[in-house]
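Notes to accompany the following structure.
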Amino acid sequence: MKKQKQSTWLILLRLALAGVFLFSGMSKAIDPVGWGIKMDEYFTSFGMGFMHPFSLWLGILVNIAEFTLGFMLLFKIRVRLTSLGYLLFMTFFFFLTAWLAIAEHLEINYGYNFGVVRDCGCFGQAIKMSNLQTFLKNVVLMIMTLLIFAKRKAIPDIRLTIFGQWLFACIGAGIALLIQIYCLRNLPLIDFSNWKKKPNIVEWVLNKLPKFDFTNSNAVELFIEKPAEIEILFLYQNANGEEKLLTMEDMNNITETYPKFYEEFDYVDRIDSVIVEAVHPKISGFSMLNNQGRDFASFFLNNEETYLLFMHDLDETNDEAMKSEKMLNLVSYCEKNNIDLVGITNSPLDEIDKFIEKYSITFPIYYNQIDPVKGPFIVRDAIRSNPGLIILKNGIVVEKRAWRKF
């Protein structure tokens, strides 16, 4: 039987389309919790909040399906069936992203409120795209998919038996599944969060606020921004129309150099001059409130060493983790070494009290208040483990650990 020769353009098209699906599937597989959160956002947006318990598992299945399709097309496994899978997959997402792009345009320009998810999440956190960019990307992928589907008979299957091909396809699915299981039990293989190791988290959240001593009853109120530095100038004018601008320091010393200044010059106006612009945090909404409403965020983020235990939703915090010997050892280690161990959660204060009582917790848990729909979800997105530990030294993230690695 004469070997069927493929066109170079068709080979390149197949490899490109397979590569996009492999990259897209893997970028989400290395952070299955993040993709599960994105799925949940979509369900909430479409009024399907009842799907919340299934978001993570459906997200895992979508990742496996996408990666496996890319794997099968790359190695020419059951090409006719694979091309049909591509067509069904892309048709669904083509119309979905078309609607999202239109809805986002209507929200931004005409005041509609559809609760549209703005970041599609199609490449996980690796590449952020707007809904319009995602739709345009899918237009290109749809054209490529249609060409592959039209030419599916011209692409020969890999030279294996049908059983061998399906076994090979299972290897691709297994790769996607095993990577996600590992990342679920640990942390993402690649950390795309703002709380990755090394960055100064204080610059991102609090913009290097000074440390505060909360043992001092006169401790000043915290601000999550650096205010503008203002120079106050005073304008004086004499009978001849001559004007002088004086600073506070000039005012204190003017009579030494000009004894009759106040006799010859009259006050006209005060001028406030901004010499250093205000520095706003790159993201607002991070706070660590106690039951009296005092914010300890700046204190602990600027601390010499702080162990931050993130539990974004106490109802979903792993029960096994809270009762584990690892947790007891963590608490004991911090107490013996005089290290600040503190929890932070988005759950309200009454739930914090119940949680502390349930697990006999001896360290404080602080409250970060957020809008349940709009966020910002700083605590949720900091670490893909609930609970998860982030170790800070002088505002620098030095270690991140899932609870199994405490």
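In the structure tokens, chains take letters A, B, ... by order of appearance, with residues numbered from 1 within each chain and ligands from 1 in the order shown.
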I'd like to know which residues of segment 159-355 of chain A are strand (DSSP E or B) (by DSSP, run on the backbone); could you write them as a VMD selection string? chain A and resid 200 226 229 to 238 243 to 246 265 to 276 279 289 295 306 to 310 340 to 345
What's the 7 Å shell around segment 52-69 of chain A, counting only C-alpha atoms, without same-chain residues fewer than 3 positions away, as a ChimeraX atom specification? /A:21-22,25-26,28-29,32-33,35-36,39-40,49,72-73,82,169,172-173,176-177
Exercise: Ala16 of chain A partners within 12 Å, only C-alpha atoms, chain neighbours under 2 positions left out, as a ChimeraX atom specification: /A:9-14,18-23,70-71,73-74,140-141,144-145,148
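Minimum atom-to-atom distances from A:Lys393, A:Lys358, A:Arg80, A:Lys400 to Phe310 of chain A were compared using only C-alpha atoms, and the lowest value belongs to A:Lys400.
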Quick one: DSSP helix (DSSP H, G or I) residues in segment 84-191 of chain A, as an MDAnalysis selection string? chainID A and resid 84:110 131:150 152:154 162:185
Spatial neighbours of segment 87-97 of chain A, max dist 9 Å, only C-alpha atoms, sep filter under 6 positions, as a short mmCIF file (atom, residue, chain, number, x, y, z; two decimals) with N, CA, C and O atoms, in the first residue's frame:
data_model
loop_
_atom_site.label_atom_id
_atom_site.label_comp_id
_atom_site.auth_asym_id
_atom_site.auth_seq_id
_atom_site.Cartn_x
_atom_site.Cartn_y
_atom_site.Cartn_z
N GLU A 66 -9.24 18.62 27.08
CA GLU A 66 -8.52 19.54 26.20
C GLU A 66 -7.10 19.04 25.92
O GLU A 66 -6.64 19.02 24.78
N CYS A 120 -10.99 35.49 30.88
CA CYS A 120 -11.53 34.21 30.43
C CYS A 120 -10.92 33.02 31.14
O CYS A 120 -11.58 32.00 31.37
N ASN A 131 -12.30 39.23 27.14
CA ASN A 131 -13.26 38.40 26.40
C ASN A 131 -13.19 38.65 24.90
O ASN A 131 -13.36 37.72 24.11
N LEU A 132 -12.93 39.89 24.50
CA LEU A 132 -12.80 40.18 23.07
C LEU A 132 -11.56 39.49 22.50
O LEU A 132 -11.62 38.90 21.41
N THR A 134 -10.15 36.85 23.64
CA THR A 134 -10.42 35.41 23.63
C THR A 134 -11.29 35.02 22.44
O THR A 134 -11.04 34.00 21.78
N PHE A 135 -12.30 35.83 22.15
CA PHE A 135 -13.17 35.53 21.01
C PHE A 135 -12.39 35.59 19.70
O PHE A 135 -12.54 34.71 18.85
N LEU A 136 -11.55 36.61 19.54
CA LEU A 136 -10.75 36.72 18.32
C LEU A 136 -9.79 35.53 18.19
O LEU A 136 -9.56 35.02 17.09
N ASN A 138 -10.41 32.58 19.36
CA ASN A 138 -11.25 31.44 19.00
C ASN A 138 -11.72 31.48 17.55
O ASN A 138 -12.01 30.45 16.96
N VAL A 139 -11.82 32.68 16.99
CA VAL A 139 -12.14 32.79 15.56
C VAL A 139 -11.04 32.11 14.74
O VAL A 139 -11.30 31.33 13.82
N LEU A 141 -8.83 29.87 15.87
CA LEU A 141 -8.81 28.44 16.16
C LEU A 141 -9.97 27.71 15.48
O LEU A 141 -9.83 26.55 15.06
N MET A 142 -11.11 28.40 15.36
CA MET A 142 -12.26 27.79 14.69
C MET A 142 -11.97 27.56 13.21
O MET A 142 -12.33 26.51 12.64
N THR A 145 -9.69 24.64 13.03
CA THR A 145 -10.44 23.41 13.33
C THR A 145 -11.26 22.96 12.12
O THR A 145 -11.30 21.77 11.78
N LEU A 146 -11.91 23.91 11.46
CA LEU A 146 -12.72 23.58 10.28
C LEU A 146 -11.85 23.02 9.15
O LEU A 146 -12.25 22.08 8.44
N PHE A 149 -10.90 19.51 10.14
CA PHE A 149 -12.07 18.63 10.00
C PHE A 149 -12.34 18.32 8.53
O PHE A 149 -12.66 17.18 8.17
#
All residues 10 Å or closer to segment 255-272 of chain A, only C-alpha atoms, same chain fewer than 2 positions away omitted, as a ChimeraX atom specification: /A:230-247,250-253,274-275
Which residues come within 12 Å of Lys128 of chain A, counting only C-alpha atoms, excluding same-chain residues fewer than 4 positions away, as an mmCIF file with all heavy atoms, in the first residue's frame?
data_model
loop_
_atom_site.group_PDB
_atom_site.id
_atom_site.type_symbol
_atom_site.label_atom_id
_atom_site.label_comp_id
_atom_site.auth_asym_id
_atom_site.auth_seq_id
_atom_site.Cartn_x
_atom_site.Cartn_y
_atom_site.Cartn_z
ATOM 1 N N SER A 24 -2.826 25.075 26.368
ATOM 2 C CA SER A 24 -3.996 25.552 27.107
ATOM 3 C C SER A 24 -4.389 24.569 28.203
ATOM 4 O O SER A 24 -4.667 24.959 29.342
ATOM 5 C CB SER A 24 -5.164 25.769 26.136
ATOM 6 O OG SER A 24 -6.313 26.201 26.832
ATOM 7 N N SER A 27 -1.597 24.577 30.971
ATOM 8 C CA SER A 27 -1.542 25.806 31.764
ATOM 9 C C SER A 27 -2.616 25.821 32.848
ATOM 10 O O SER A 27 -2.448 26.472 33.885
ATOM 11 C CB SER A 27 -1.695 27.037 30.859
ATOM 12 O OG SER A 27 -2.980 27.069 30.250
ATOM 13 N N ARG A 118 -14.575 38.775 33.485
ATOM 14 C CA ARG A 118 -13.753 39.598 32.585
ATOM 15 C C ARG A 118 -12.520 38.859 32.064
ATOM 16 O O ARG A 118 -12.128 39.031 30.925
ATOM 17 C CB ARG A 118 -13.334 40.882 33.291
ATOM 18 C CG ARG A 118 -14.511 41.803 33.641
ATOM 19 C CD ARG A 118 -15.233 42.266 32.369
ATOM 20 N NE ARG A 118 -16.453 42.994 32.642
ATOM 21 C CZ ARG A 118 -16.513 44.307 32.816
ATOM 22 N NH1 ARG A 118 -15.415 45.018 32.746
ATOM 23 N NH2 ARG A 118 -17.659 44.896 33.055
ATOM 24 N N ASP A 119 -11.887 38.066 32.901
ATOM 25 C CA ASP A 119 -10.708 37.322 32.459
ATOM 26 C C ASP A 119 -11.143 35.896 32.135
ATOM 27 O O ASP A 119 -11.601 35.163 33.006
ATOM 28 C CB ASP A 119 -9.637 37.321 33.551
ATOM 29 C CG ASP A 119 -8.444 36.436 33.203
ATOM 30 O OD1 ASP A 119 -8.220 36.199 32.001
ATOM 31 O OD2 ASP A 119 -7.756 35.989 34.131
ATOM 32 N N CYS A 120 -10.991 35.492 30.883
ATOM 33 C CA CYS A 120 -11.535 34.214 30.434
ATOM 34 C C CYS A 120 -10.919 33.017 31.140
ATOM 35 O O CYS A 120 -11.576 32.002 31.367
ATOM 36 C CB CYS A 120 -11.347 34.063 28.926
ATOM 37 S SG CYS A 120 -9.619 33.796 28.431
ATOM 38 N N GLY A 121 -9.635 33.088 31.476
ATOM 39 C CA GLY A 121 -8.974 31.970 32.138
ATOM 40 C C GLY A 121 -8.627 30.822 31.213
ATOM 41 O O GLY A 121 -8.280 29.739 31.668
ATOM 42 N N CYS A 122 -8.709 31.052 29.894
ATOM 43 C CA CYS A 122 -8.494 29.945 28.947
ATOM 44 C C CYS A 122 -7.056 29.441 28.956
ATOM 45 O O CYS A 122 -6.793 28.312 28.552
ATOM 46 C CB CYS A 122 -8.901 30.359 27.532
ATOM 47 S SG CYS A 122 -8.163 31.900 26.963
ATOM 48 N N PHE A 123 -6.112 30.270 29.409
ATOM 49 C CA PHE A 123 -4.730 29.826 29.579
ATOM 50 C C PHE A 123 -4.336 29.895 31.050
ATOM 51 O O PHE A 123 -3.187 30.168 31.387
ATOM 52 C CB PHE A 123 -3.778 30.670 28.742
ATOM 53 C CG PHE A 123 -3.950 30.487 27.262
ATOM 54 C CD1 PHE A 123 -4.362 31.537 26.455
ATOM 55 C CD2 PHE A 123 -3.725 29.255 26.655
ATOM 56 C CE1 PHE A 123 -4.527 31.376 25.081
ATOM 57 C CE2 PHE A 123 -3.888 29.079 25.291
ATOM 58 C CZ PHE A 123 -4.295 30.139 24.497
ATOM 59 N N GLY A 124 -5.304 29.631 31.928
ATOM 60 C CA GLY A 124 -5.048 29.705 33.352
ATOM 61 C C GLY A 124 -4.615 31.105 33.742
ATOM 62 O O GLY A 124 -5.153 32.098 33.264
ATOM 63 N N LEU A 132 -12.928 39.887 24.499
ATOM 64 C CA LEU A 132 -12.804 40.182 23.073
ATOM 65 C C LEU A 132 -11.564 39.492 22.500
ATOM 66 O O LEU A 132 -11.623 38.898 21.413
ATOM 67 C CB LEU A 132 -12.726 41.694 22.846
ATOM 68 C CG LEU A 132 -12.551 42.134 21.381
ATOM 69 C CD1 LEU A 132 -13.699 41.617 20.522
ATOM 70 C CD2 LEU A 132 -12.440 43.653 21.294
ATOM 71 N N GLN A 133 -10.447 39.578 23.204
ATOM 72 C CA GLN A 133 -9.229 38.908 22.747
ATOM 73 C C GLN A 133 -9.439 37.397 22.662
ATOM 74 O O GLN A 133 -8.975 36.752 21.717
ATOM 75 C CB GLN A 133 -8.077 39.223 23.709
ATOM 76 C CG GLN A 133 -7.607 40.668 23.660
ATOM 77 C CD GLN A 133 -6.634 40.989 24.775
ATOM 78 O OE1 GLN A 133 -6.670 40.390 25.857
ATOM 79 N NE2 GLN A 133 -5.757 41.945 24.533
ATOM 80 N N THR A 134 -10.150 36.848 23.640
ATOM 81 C CA THR A 134 -10.422 35.410 23.634
ATOM 82 C C THR A 134 -11.287 35.016 22.441
ATOM 83 O O THR A 134 -11.038 34.002 21.781
ATOM 84 C CB THR A 134 -11.137 35.001 24.938
ATOM 85 O OG1 THR A 134 -10.332 35.386 26.045
ATOM 86 C CG2 THR A 134 -11.369 33.501 24.983
ATOM 87 N N PHE A 192 1.825 31.420 39.551
ATOM 88 C CA PHE A 192 1.567 32.664 38.835
ATOM 89 C C PHE A 192 0.940 33.730 39.738
ATOM 90 O O PHE A 192 0.591 34.805 39.271
ATOM 91 C CB PHE A 192 0.630 32.413 37.652
ATOM 92 C CG PHE A 192 1.249 31.597 36.543
ATOM 93 C CD1 PHE A 192 0.892 30.282 36.349
ATOM 94 C CD2 PHE A 192 2.201 32.158 35.710
ATOM 95 C CE1 PHE A 192 1.461 29.523 35.333
ATOM 96 C CE2 PHE A 192 2.779 31.415 34.686
ATOM 97 C CZ PHE A 192 2.406 30.099 34.505
#
From A:Lys197, A:His312, A:Lys326, A:Arg294, residue lying nearest Pro387 of chain A [only C-alpha atoms]: A:His312
For a quick check of understanding, using only C-alpha atoms, which of A:Ile171, A:Leu81, A:Leu309, A:Val397 has the smallest distance to Arg384 of chain A? A:Leu309
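With only C-alpha atoms as the atoms that count, the minimum distance from Gly343 of chain A to the choices A:Met322, A:Leu184, A:Met288, A:Ala382 is reached by A:Met288.
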Which one is closest to Gly85 of chain A: A:Lys323, A:Lys374, A:Arg152, A:Arg401? Count only C-alpha atoms. A:Arg152
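The two atoms in question, atom CA of Asp157 of chain A and atom CA of Leu178 of chain A, are spaced 26.2 Å apart.
Using only C-alpha atoms, the contacts of Met311 of chain A at a cut-off of 9 Å, with sequence neighbours closer than 3 positions omitted, comprise Leu314, Glu316, Thr317, Gly343, Ile344, Thr345, Asn346, Ser347, Val379, Arg380, Ser385, Asn386, Pro387 and Gly388 of chain A.
A straight line drawn from atom CA of Leu187 of chain A to atom CA of Gly34 of chain A is 10.7 Å long.
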One number please: atom CA of Leu308 of chain A to atom CA of Gly395 of chain A, in Å, one decimal. 11.5 Å
